[in-house]
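S.K.: One structure is given below, represented as structure tokens, and several questions about it will come after.
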Amino acid sequence: MASLFSRLELERARRPTATDADRVRTIAAELIDELGITQPPVDVEMVASMLDIANVVADPALVEAGCLFCAGDGEFEIRVRGTDSLGRQRFTICHECSHTFFPGFATKVQYRCSPSTGPSQNPDLEALCDVAAGELLFPSMLFVADVRGTPFGLEGLEELADRYKGSLEATGHRLVSTWPEPSALLIFTVRQKPSEARTTATPRLRLDSAHPEGGWPFFRRHKSVAHGDVFDRALEGEVVSETTTISGIATEPVRAEVHAQLYPLIVGGRPRARVVALVRRVAS
Ligand SMILES: [Zn+2]
């Protein structure tokens with residue numbers, strides 16, 4: 001970068017009253033515009049190259065989802081975990097690219113990141129990099145129009161994920177943040193709760209993460225689902241699409257249109273049961 005200032009510092013000077021989230025979104029959108037990208041999927045290696053990142057390498061031995069570091073020859077390199085799905089790798093590459101927007105990134109030896117997967121040393125910075133990554137991989141100028149033409153449900157989510165070459169989770173996250181009504185993406189896996197670690201407690205279907213947008217009660221992470229409810233039936237193989245009352249995993253019952261399905265996840269070469277649910281509120 002020719003300027004002595006980072007992209008974020010320049011954007012702060014230009015828009016003193018905006019939030020950093022809005023600023024990094026703008027920086028990402030301008031980058032997509034500069035690259036002349038007019039249709040998905042975004043070429044993430046081209047984005048990296050535009051940011052003077054010399055290499056993007058998939059490393060099967062990497063423990064974290066991704067890292068950005070300065071190699072001995074002064075060139076920047078991104079490494080992503082080679083065992084992750086292509087969609088997840090693409091989001092991670094965009095996340096690592098976004099670190100270059102921030103002041104001082106070049107003087108730090110390296111960033112090791114697990115985008116969207118729990119606490120990190122600097123959650124604000126990591127969360128902002130996720131925001132920018134969402135804009136890079138699903139640019140608003142393309143994605144908003146595509147969402148407008150997509151019916152709410154998992155079929156629409158799959159089509160968008162395929163079109164943008166994103167993971168179901170990253171695409172779903174972006175979909176609910178773009179959808180004009182209160183909606184949420186809920187991810188469940190079969191596991192023990194953290195307090196049961198190293199016990200013989202039977203693994204159950206539990207809420208891993210919730211990405212609510214608009215007005216929702218609080219979703220309880222790690223909470224198990226009730227036997228026979230919509231999410232449990234999805235685990236059993238049913239493709240669920242119905243209006244129901246969600247309770248238990250939420251701090252108060254809430255009426256919602258629920259689309260839920262089993263999408264096994266490959267972790268360390270082994271399939272793991274995962275239920276993905278896309279929900280939107282309906283009047284009670
Ligand atoms: Zn990071």
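Just so we're on the same page: first chain in the structure tokens is A, next is B, and so on; residues restart at 1 for each chain, and ligands are numbered from 1 in the order they show up.
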Write out as a PyMOL selection string the set of residues from stretch 58-229 of chain A that DSSP, computed on the backbone, places in strand (DSSP E or B).

M.R.: chain A and resi 58-59+66-70+76-81+110-113+183-191+204-213+219+224

S.K.: What are the closest atom pairs, with distances in Å to one decimal, for all residues of stretch 41-111 of chain A lying within 7 Å of stretch 137-161 of chain A? Consider only C-alpha atoms, order rows by chain and residue number, and present the result as a tab-separated table.

M.R.:
residue	atom	partner	partner_atom	distance
A:Val42	CA	A:Leu137	CA	6.1
A:Phe91	CA	A:Leu137	CA	6.8
A:Cys94	CA	A:Leu137	CA	6.9

S.K.: For the residues selected in the previous step, produce a file with N, CA and C atoms as a PDB file, in the first residue's frame.

M.R.:
ATOM      1  N   VAL A  42     -16.760 -14.592  -5.949  1.00  0.00           N
ATOM      2  CA  VAL A  42     -15.616 -13.683  -5.872  1.00  0.00           C
ATOM      3  C   VAL A  42     -14.319 -14.500  -5.906  1.00  0.00           C
ATOM      4  N   PHE A  91     -13.933 -18.210   3.166  1.00  0.00           N
ATOM      5  CA  PHE A  91     -14.275 -17.200   4.174  1.00  0.00           C
ATOM      6  C   PHE A  91     -13.032 -16.842   4.992  1.00  0.00           C
ATOM      7  N   CYS A  94     -10.760 -14.488   3.190  1.00  0.00           N
ATOM      8  CA  CYS A  94     -11.291 -13.113   3.237  1.00  0.00           C
ATOM      9  C   CYS A  94     -11.083 -12.500   4.621  1.00  0.00           C
TER      10      CYS A  94
END

S.K.: Kindly provide, as JSON, numbers by chain, all nucleotide and amino acid residues lying within 8 Å of ligand 1, counting only C-alpha atoms and all ligand atoms.

M.R.: {"A": [66, 67, 95, 96, 99, 111, 112, 113, 114, 115, 125, 126, 129, 130]}

S.K.: So that I can check the surroundings of stretch 259-261 of chain A, please list as a PDB file with all heavy atoms, in the first residue's frame every protein, DNA and RNA residue that reaches within 10 Å of it, counting only C-alpha atoms and ignoring chain neighbours fewer than 4 positions away.

M.R.:
ATOM      1  N   PHE A 152     -37.502 -17.774   1.119  1.00  0.00           N
ATOM      2  CA  PHE A 152     -36.917 -18.081   2.420  1.00  0.00           C
ATOM      3  C   PHE A 152     -36.938 -19.593   2.641  1.00  0.00           C
ATOM      4  O   PHE A 152     -37.978 -20.224   2.548  1.00  0.00           O
ATOM      5  CB  PHE A 152     -37.717 -17.377   3.525  1.00  0.00           C
ATOM      6  CG  PHE A 152     -37.026 -17.410   4.861  1.00  0.00           C
ATOM      7  CD1 PHE A 152     -36.050 -16.485   5.170  1.00  0.00           C
ATOM      8  CD2 PHE A 152     -37.341 -18.386   5.797  1.00  0.00           C
ATOM      9  CE1 PHE A 152     -35.403 -16.507   6.396  1.00  0.00           C
ATOM     10  CE2 PHE A 152     -36.700 -18.428   7.023  1.00  0.00           C
ATOM     11  CZ  PHE A 152     -35.726 -17.476   7.322  1.00  0.00           C
ATOM     12  N   GLY A 153     -35.800 -20.169   2.919  1.00  0.00           N
ATOM     13  CA  GLY A 153     -35.744 -21.617   3.181  1.00  0.00           C
ATOM     14  C   GLY A 153     -34.380 -22.176   2.844  1.00  0.00           C
ATOM     15  O   GLY A 153     -33.499 -21.469   2.338  1.00  0.00           O
ATOM     16  N   LEU A 154     -34.207 -23.464   3.120  1.00  0.00           N
ATOM     17  CA  LEU A 154     -32.884 -24.079   2.961  1.00  0.00           C
ATOM     18  C   LEU A 154     -32.513 -24.297   1.499  1.00  0.00           C
ATOM     19  O   LEU A 154     -31.336 -24.298   1.149  1.00  0.00           O
ATOM     20  CB  LEU A 154     -32.828 -25.395   3.742  1.00  0.00           C
ATOM     21  CG  LEU A 154     -32.897 -25.207   5.263  1.00  0.00           C
ATOM     22  CD1 LEU A 154     -33.045 -26.538   5.969  1.00  0.00           C
ATOM     23  CD2 LEU A 154     -31.648 -24.475   5.776  1.00  0.00           C
ATOM     24  N   GLU A 155     -33.546 -24.482   0.645  1.00  0.00           N
ATOM     25  CA  GLU A 155     -33.238 -24.625  -0.780  1.00  0.00           C
ATOM     26  C   GLU A 155     -32.610 -23.335  -1.308  1.00  0.00           C
ATOM     27  O   GLU A 155     -31.608 -23.355  -2.025  1.00  0.00           O
ATOM     28  CB  GLU A 155     -34.532 -24.923  -1.539  1.00  0.00           C
ATOM     29  CG  GLU A 155     -34.338 -25.871  -2.705  1.00  0.00           C
ATOM     30  CD  GLU A 155     -35.666 -26.327  -3.257  1.00  0.00           C
ATOM     31  OE1 GLU A 155     -36.422 -27.008  -2.530  1.00  0.00           O
ATOM     32  OE2 GLU A 155     -35.948 -25.956  -4.404  1.00  0.00           O
ATOM     33  N   LEU A 185     -30.175 -17.851  11.974  1.00  0.00           N
ATOM     34  CA  LEU A 185     -29.533 -19.099  11.559  1.00  0.00           C
ATOM     35  C   LEU A 185     -29.127 -19.823  12.838  1.00  0.00           C
ATOM     36  O   LEU A 185     -28.424 -19.258  13.683  1.00  0.00           O
ATOM     37  CB  LEU A 185     -28.292 -18.803  10.711  1.00  0.00           C
ATOM     38  CG  LEU A 185     -27.532 -20.045  10.254  1.00  0.00           C
ATOM     39  CD1 LEU A 185     -28.253 -20.720   9.098  1.00  0.00           C
ATOM     40  CD2 LEU A 185     -26.103 -19.689   9.828  1.00  0.00           C
ATOM     41  N   LEU A 186     -29.590 -21.065  12.992  1.00  0.00           N
ATOM     42  CA  LEU A 186     -29.268 -21.853  14.181  1.00  0.00           C
ATOM     43  C   LEU A 186     -28.511 -23.101  13.745  1.00  0.00           C
ATOM     44  O   LEU A 186     -28.923 -23.783  12.802  1.00  0.00           O
ATOM     45  CB  LEU A 186     -30.554 -22.270  14.914  1.00  0.00           C
ATOM     46  CG  LEU A 186     -31.536 -21.147  15.275  1.00  0.00           C
ATOM     47  CD1 LEU A 186     -32.808 -21.734  15.896  1.00  0.00           C
ATOM     48  CD2 LEU A 186     -30.890 -20.162  16.235  1.00  0.00           C
ATOM     49  N   ILE A 187     -27.411 -23.382  14.421  1.00  0.00           N
ATOM     50  CA  ILE A 187     -26.593 -24.558  14.094  1.00  0.00           C
ATOM     51  C   ILE A 187     -26.544 -25.469  15.320  1.00  0.00           C
ATOM     52  O   ILE A 187     -26.240 -25.009  16.435  1.00  0.00           O
ATOM     53  CB  ILE A 187     -25.140 -24.148  13.724  1.00  0.00           C
ATOM     54  CG1 ILE A 187     -25.124 -23.058  12.644  1.00  0.00           C
ATOM     55  CG2 ILE A 187     -24.324 -25.368  13.299  1.00  0.00           C
ATOM     56  CD1 ILE A 187     -25.573 -23.478  11.281  1.00  0.00           C
ATOM     57  N   VAL A 230     -38.887 -29.967  16.379  1.00  0.00           N
ATOM     58  CA  VAL A 230     -38.531 -29.825  14.953  1.00  0.00           C
ATOM     59  C   VAL A 230     -37.041 -30.116  14.692  1.00  0.00           C
ATOM     60  O   VAL A 230     -36.691 -30.719  13.671  1.00  0.00           O
ATOM     61  CB  VAL A 230     -38.875 -28.414  14.412  1.00  0.00           C
ATOM     62  CG1 VAL A 230     -40.348 -28.305  14.091  1.00  0.00           C
ATOM     63  CG2 VAL A 230     -38.430 -27.321  15.350  1.00  0.00           C
ATOM     64  N   PHE A 231     -36.175 -29.712  15.613  1.00  0.00           N
ATOM     65  CA  PHE A 231     -34.736 -29.881  15.385  1.00  0.00           C
ATOM     66  C   PHE A 231     -34.334 -31.348  15.582  1.00  0.00           C
ATOM     67  O   PHE A 231     -33.489 -31.873  14.852  1.00  0.00           O
ATOM     68  CB  PHE A 231     -33.953 -28.943  16.318  1.00  0.00           C
ATOM     69  CG  PHE A 231     -34.442 -27.532  16.242  1.00  0.00           C
ATOM     70  CD1 PHE A 231     -35.082 -26.933  17.324  1.00  0.00           C
ATOM     71  CD2 PHE A 231     -34.302 -26.806  15.073  1.00  0.00           C
ATOM     72  CE1 PHE A 231     -35.572 -25.635  17.234  1.00  0.00           C
ATOM     73  CE2 PHE A 231     -34.779 -25.502  14.971  1.00  0.00           C
ATOM     74  CZ  PHE A 231     -35.424 -24.914  16.059  1.00  0.00           C
ATOM     75  N   ASP A 232     -34.967 -32.000  16.547  1.00  0.00           N
ATOM     76  CA  ASP A 232     -34.730 -33.428  16.779  1.00  0.00           C
ATOM     77  C   ASP A 232     -35.211 -34.240  15.572  1.00  0.00           C
ATOM     78  O   ASP A 232     -34.534 -35.176  15.130  1.00  0.00           O
ATOM     79  CB  ASP A 232     -35.476 -33.855  18.055  1.00  0.00           C
ATOM     80  CG  ASP A 232     -35.156 -35.293  18.437  1.00  0.00           C
ATOM     81  OD1 ASP A 232     -33.969 -35.671  18.357  1.00  0.00           O
ATOM     82  OD2 ASP A 232     -36.078 -36.032  18.816  1.00  0.00           O
ATOM     83  N   ARG A 233     -36.355 -33.860  15.014  1.00  0.00           N
ATOM     84  CA  ARG A 233     -36.870 -34.574  13.831  1.00  0.00           C
ATOM     85  C   ARG A 233     -35.933 -34.366  12.634  1.00  0.00           C
ATOM     86  O   ARG A 233     -35.735 -35.268  11.816  1.00  0.00           O
ATOM     87  CB  ARG A 233     -38.283 -34.096  13.505  1.00  0.00           C
ATOM     88  CG  ARG A 233     -39.318 -34.771  14.442  1.00  0.00           C
ATOM     89  CD  ARG A 233     -40.659 -34.052  14.462  1.00  0.00           C
ATOM     90  NE  ARG A 233     -41.051 -33.525  13.192  1.00  0.00           N
ATOM     91  CZ  ARG A 233     -41.778 -32.402  13.024  1.00  0.00           C
ATOM     92  NH1 ARG A 233     -42.178 -31.695  14.070  1.00  0.00           N
ATOM     93  NH2 ARG A 233     -42.090 -31.999  11.824  1.00  0.00           N
ATOM     94  N   ALA A 234     -35.348 -33.195  12.525  1.00  0.00           N
ATOM     95  CA  ALA A 234     -34.372 -32.951  11.441  1.00  0.00           C
ATOM     96  C   ALA A 234     -33.168 -33.871  11.619  1.00  0.00           C
ATOM     97  O   ALA A 234     -32.648 -34.430  10.646  1.00  0.00           O
ATOM     98  CB  ALA A 234     -33.938 -31.490  11.434  1.00  0.00           C
ATOM     99  N   LEU A 235     -32.736 -34.066  12.865  1.00  0.00           N
ATOM    100  CA  LEU A 235     -31.608 -34.967  13.142  1.00  0.00           C
ATOM    101  C   LEU A 235     -31.938 -36.387  12.692  1.00  0.00           C
ATOM    102  O   LEU A 235     -31.069 -37.124  12.216  1.00  0.00           O
ATOM    103  CB  LEU A 235     -31.295 -34.953  14.644  1.00  0.00           C
ATOM    104  CG  LEU A 235     -30.197 -35.908  15.116  1.00  0.00           C
ATOM    105  CD1 LEU A 235     -28.834 -35.481  14.547  1.00  0.00           C
ATOM    106  CD2 LEU A 235     -30.135 -35.960  16.643  1.00  0.00           C
ATOM    107  N   GLU A 236     -33.218 -36.750  12.822  1.00  0.00           N
ATOM    108  CA  GLU A 236     -33.653 -38.099  12.428  1.00  0.00           C
ATOM    109  C   GLU A 236     -33.795 -38.237  10.907  1.00  0.00           C
ATOM    110  O   GLU A 236     -34.132 -39.297  10.408  1.00  0.00           O
ATOM    111  CB  GLU A 236     -34.999 -38.436  13.091  1.00  0.00           C
ATOM    112  CG  GLU A 236     -34.927 -38.537  14.616  1.00  0.00           C
ATOM    113  CD  GLU A 236     -33.934 -39.589  15.091  1.00  0.00           C
ATOM    114  OE1 GLU A 236     -33.910 -40.678  14.497  1.00  0.00           O
ATOM    115  OE2 GLU A 236     -33.157 -39.292  16.020  1.00  0.00           O
ATOM    116  N   GLY A 237     -33.564 -37.148  10.178  1.00  0.00           N
ATOM    117  CA  GLY A 237     -33.571 -37.236   8.714  1.00  0.00           C
ATOM    118  C   GLY A 237     -34.741 -36.542   8.038  1.00  0.00           C
ATOM    119  O   GLY A 237     -34.824 -36.495   6.822  1.00  0.00           O
ATOM    120  N   GLU A 238     -35.664 -35.982   8.843  1.00  0.00           N
ATOM    121  CA  GLU A 238     -36.809 -35.293   8.236  1.00  0.00           C
ATOM    122  C   GLU A 238     -36.380 -33.919   7.707  1.00  0.00           C
ATOM    123  O   GLU A 238     -35.565 -33.238   8.338  1.00  0.00           O
ATOM    124  CB  GLU A 238     -37.904 -35.134   9.313  1.00  0.00           C
ATOM    125  CG  GLU A 238     -39.203 -34.601   8.761  1.00  0.00           C
ATOM    126  CD  GLU A 238     -40.292 -34.498   9.838  1.00  0.00           C
ATOM    127  OE1 GLU A 238     -40.294 -35.310  10.791  1.00  0.00           O
ATOM    128  OE2 GLU A 238     -41.124 -33.573   9.720  1.00  0.00           O
ATOM    129  N   VAL A 239     -36.915 -33.560   6.538  1.00  0.00           N
ATOM    130  CA  VAL A 239     -36.687 -32.198   6.039  1.00  0.00           C
ATOM    131  C   VAL A 239     -37.840 -31.357   6.577  1.00  0.00           C
ATOM    132  O   VAL A 239     -38.965 -31.473   6.116  1.00  0.00           O
ATOM    133  CB  VAL A 239     -36.627 -32.170   4.497  1.00  0.00           C
ATOM    134  CG1 VAL A 239     -36.453 -30.742   3.999  1.00  0.00           C
ATOM    135  CG2 VAL A 239     -35.496 -33.057   3.996  1.00  0.00           C
ATOM    136  N   VAL A 240     -37.557 -30.544   7.581  1.00  0.00           N
ATOM    137  CA  VAL A 240     -38.600 -29.815   8.301  1.00  0.00           C
ATOM    138  C   VAL A 240     -38.852 -28.464   7.655  1.00  0.00           C
ATOM    139  O   VAL A 240     -37.906 -27.729   7.337  1.00  0.00           O
ATOM    140  CB  VAL A 240     -38.187 -29.611   9.779  1.00  0.00           C
ATOM    141  CG1 VAL A 240     -39.178 -28.715  10.492  1.00  0.00           C
ATOM    142  CG2 VAL A 240     -38.051 -30.950  10.491  1.00  0.00           C
ATOM    143  N   SER A 241     -40.118 -28.146   7.454  1.00  0.00           N
ATOM    144  CA  SER A 241     -40.505 -26.824   6.965  1.00  0.00           C
ATOM    145  C   SER A 241     -41.893 -26.556   7.513  1.00  0.00           C
ATOM    146  O   SER A 241     -42.885 -27.028   6.946  1.00  0.00           O
ATOM    147  CB  SER A 241     -40.488 -26.820   5.427  1.00  0.00           C
ATOM    148  OG  SER A 241     -40.843 -25.547   4.950  1.00  0.00           O
ATOM    149  N   GLU A 242     -41.983 -25.877   8.636  1.00  0.00           N
ATOM    150  CA  GLU A 242     -43.285 -25.669   9.263  1.00  0.00           C
ATOM    151  C   GLU A 242     -43.238 -24.503  10.247  1.00  0.00           C
ATOM    152  O   GLU A 242     -42.170 -24.068  10.669  1.00  0.00           O
ATOM    153  CB  GLU A 242     -43.730 -26.938  10.000  1.00  0.00           C
ATOM    154  CG  GLU A 242     -42.853 -27.317  11.174  1.00  0.00           C
ATOM    155  CD  GLU A 242     -43.219 -28.697  11.749  1.00  0.00           C
ATOM    156  OE1 GLU A 242     -43.315 -29.655  10.965  1.00  0.00           O
ATOM    157  OE2 GLU A 242     -43.404 -28.781  12.981  1.00  0.00           O
ATOM    158  N   THR A 243     -44.423 -24.043  10.623  1.00  0.00           N
ATOM    159  CA  THR A 243     -44.509 -22.990  11.635  1.00  0.00           C
ATOM    160  C   THR A 243     -44.754 -23.657  12.983  1.00  0.00           C
ATOM    161  O   THR A 243     -45.601 -24.538  13.106  1.00  0.00           O
ATOM    162  CB  THR A 243     -45.651 -22.015  11.288  1.00  0.00           C
ATOM    163  OG1 THR A 243     -45.334 -21.387  10.042  1.00  0.00           O
ATOM    164  CG2 THR A 243     -45.798 -20.933  12.353  1.00  0.00           C
ATOM    165  N   ARG A 274     -24.875 -32.692  12.090  1.00  0.00           N
ATOM    166  CA  ARG A 274     -25.114 -31.249  12.268  1.00  0.00           C
ATOM    167  C   ARG A 274     -26.487 -30.916  11.686  1.00  0.00           C
ATOM    168  O   ARG A 274     -26.809 -31.339  10.573  1.00  0.00           O
ATOM    169  CB  ARG A 274     -24.034 -30.450  11.533  1.00  0.00           C
ATOM    170  CG  ARG A 274     -24.302 -28.942  11.521  1.00  0.00           C
ATOM    171  CD  ARG A 274     -23.286 -28.177  10.680  1.00  0.00           C
ATOM    172  NE  ARG A 274     -23.307 -28.581   9.277  1.00  0.00           N
ATOM    173  CZ  ARG A 274     -22.769 -27.870   8.284  1.00  0.00           C
ATOM    174  NH1 ARG A 274     -22.142 -26.745   8.550  1.00  0.00           N
ATOM    175  NH2 ARG A 274     -22.834 -28.311   7.040  1.00  0.00           N
ATOM    176  N   VAL A 275     -27.271 -30.174  12.418  1.00  0.00           N
ATOM    177  CA  VAL A 275     -28.560 -29.692  11.914  1.00  0.00           C
ATOM    178  C   VAL A 275     -28.434 -28.190  11.677  1.00  0.00           C
ATOM    179  O   VAL A 275     -27.970 -27.451  12.554  1.00  0.00           O
ATOM    180  CB  VAL A 275     -29.706 -29.995  12.914  1.00  0.00           C
ATOM    181  CG1 VAL A 275     -30.980 -29.248  12.523  1.00  0.00           C
ATOM    182  CG2 VAL A 275     -29.969 -31.500  12.973  1.00  0.00           C
ATOM    183  N   VAL A 276     -28.814 -27.773  10.474  1.00  0.00           N
ATOM    184  CA  VAL A 276     -28.824 -26.344  10.134  1.00  0.00           C
ATOM    185  C   VAL A 276     -30.296 -25.909  10.064  1.00  0.00           C
ATOM    186  O   VAL A 276     -31.095 -26.581   9.413  1.00  0.00           O
ATOM    187  CB  VAL A 276     -28.124 -26.092   8.774  1.00  0.00           C
ATOM    188  CG1 VAL A 276     -28.257 -24.634   8.361  1.00  0.00           C
ATOM    189  CG2 VAL A 276     -26.651 -26.500   8.858  1.00  0.00           C
ATOM    190  N   ALA A 277     -30.616 -24.832  10.755  1.00  0.00           N
ATOM    191  CA  ALA A 277     -31.991 -24.328  10.739  1.00  0.00           C
ATOM    192  C   ALA A 277     -32.024 -22.848  10.381  1.00  0.00           C
ATOM    193  O   ALA A 277     -31.243 -22.059  10.912  1.00  0.00           O
ATOM    194  CB  ALA A 277     -32.647 -24.535  12.105  1.00  0.00           C
ATOM    195  N   LEU A 278     -32.908 -22.534   9.450  1.00  0.00           N
ATOM    196  CA  LEU A 278     -33.135 -21.151   9.068  1.00  0.00           C
ATOM    197  C   LEU A 278     -34.547 -20.817   9.568  1.00  0.00           C
ATOM    198  O   LEU A 278     -35.495 -21.548   9.235  1.00  0.00           O
ATOM    199  CB  LEU A 278     -33.044 -21.066   7.543  1.00  0.00           C
ATOM    200  CG  LEU A 278     -32.866 -19.724   6.879  1.00  0.00           C
ATOM    201  CD1 LEU A 278     -31.635 -18.989   7.417  1.00  0.00           C
ATOM    202  CD2 LEU A 278     -32.708 -19.937   5.367  1.00  0.00           C
ATOM    203  N   VAL A 279     -34.685 -19.794  10.384  1.00  0.00           N
ATOM    204  CA  VAL A 279     -35.996 -19.517  10.982  1.00  0.00           C
ATOM    205  C   VAL A 279     -36.337 -18.033  10.816  1.00  0.00           C
ATOM    206  O   VAL A 279     -35.452 -17.186  10.754  1.00  0.00           O
ATOM    207  CB  VAL A 279     -36.006 -19.899  12.491  1.00  0.00           C
ATOM    208  CG1 VAL A 279     -35.633 -21.352  12.678  1.00  0.00           C
ATOM    209  CG2 VAL A 279     -35.084 -19.028  13.329  1.00  0.00           C
ATOM    210  N   ARG A 280     -37.638 -17.765  10.724  1.00  0.00           N
ATOM    211  CA  ARG A 280     -38.064 -16.352  10.752  1.00  0.00           C
ATOM    212  C   ARG A 280     -39.296 -16.243  11.622  1.00  0.00           C
ATOM    213  O   ARG A 280     -40.102 -17.169  11.710  1.00  0.00           O
ATOM    214  CB  ARG A 280     -38.318 -15.807   9.351  1.00  0.00           C
ATOM    215  CG  ARG A 280     -39.442 -16.431   8.584  1.00  0.00           C
ATOM    216  CD  ARG A 280     -39.684 -15.665   7.275  1.00  0.00           C
ATOM    217  NE  ARG A 280     -40.406 -16.486   6.308  1.00  0.00           N
ATOM    218  CZ  ARG A 280     -40.766 -16.065   5.119  1.00  0.00           C
ATOM    219  NH1 ARG A 280     -40.464 -14.852   4.714  1.00  0.00           N
ATOM    220  NH2 ARG A 280     -41.414 -16.877   4.293  1.00  0.00           N
TER     221      ARG A 280
END

S.K.: Write out as JSON lines the residues of stretch 32-79 of chain A that have any atom within 9 Å of an atom of stretch 85-90 of chain A, one row each with the nearest atom pair and its distance in Å to one decimal, counting only C-alpha atoms, sorted by chain and then rising number.

M.R.:
{"residue": "A:Val44", "atom": "CA", "partner": "A:Arg90", "partner_atom": "CA", "distance": 6.6}
{"residue": "A:Glu45", "atom": "CA", "partner": "A:Arg90", "partner_atom": "CA", "distance": 9.0}
{"residue": "A:Ala58", "atom": "CA", "partner": "A:Gln89", "partner_atom": "CA", "distance": 8.2}
{"residue": "A:Ala65", "atom": "CA", "partner": "A:Gln89", "partner_atom": "CA", "distance": 7.7}
{"residue": "A:Gly66", "atom": "CA", "partner": "A:Gln89", "partner_atom": "CA", "distance": 8.1}

S.K.: Taking 3 positions as the minimum chain separation for residues in the same chain, which residues sit within 6 Å of A:Pro264 when counting only C-alpha atoms? Answer as number ranges by chain.

M.R.: A: 271-274

S.K.: Could you write those residues out with N, CA and C atoms, as a PDB file, in the first residue's frame?

M.R.:
ATOM      1  N   PRO A 271     -17.511 -37.956   9.494  1.00  0.00           N
ATOM      2  CA  PRO A 271     -18.768 -37.198   9.467  1.00  0.00           C
ATOM      3  C   PRO A 271     -19.307 -36.981  10.877  1.00  0.00           C
ATOM      4  N   ARG A 272     -19.837 -35.787  11.107  1.00  0.00           N
ATOM      5  CA  ARG A 272     -20.412 -35.447  12.409  1.00  0.00           C
ATOM      6  C   ARG A 272     -21.800 -34.870  12.157  1.00  0.00           C
ATOM      7  N   ALA A 273     -22.773 -35.338  12.964  1.00  0.00           N
ATOM      8  CA  ALA A 273     -24.152 -34.895  12.739  1.00  0.00           C
ATOM      9  C   ALA A 273     -24.291 -33.400  13.035  1.00  0.00           C
ATOM     10  N   ARG A 274     -24.875 -32.692  12.090  1.00  0.00           N
ATOM     11  CA  ARG A 274     -25.114 -31.249  12.268  1.00  0.00           C
ATOM     12  C   ARG A 274     -26.487 -30.916  11.686  1.00  0.00           C
TER      13      ARG A 274
END

S.K.: Which one is closest to A:Ala28: A:Val63, A:Leu4, A:Leu128, A:Leu265? Count only C-alpha atoms.

M.R.: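 Selected residue with least distance to A:Ala28: A:Leu128.
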
S.K.: Between A:Arg281, A:Val267, A:His227, A:Arg15, which is the closest to A:Pro212 once you count only C-alpha atoms?

M.R.: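 Using only C-alpha atoms, A:Pro212 sits closest to A:Arg281.
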
S.K.: Nearest to A:Ser183: which of A:Val282, A:Ala201, A:Ala29, A:Ile37 is it, counting only C-alpha atoms?

M.R.: A:Val282

S.K.: Quick check, in Å to one decimal: how far apart do atom CA of A:Ser284 and atom CA of A:Pro253 lie?

M.R.: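 It comes out at 9.9 Å.
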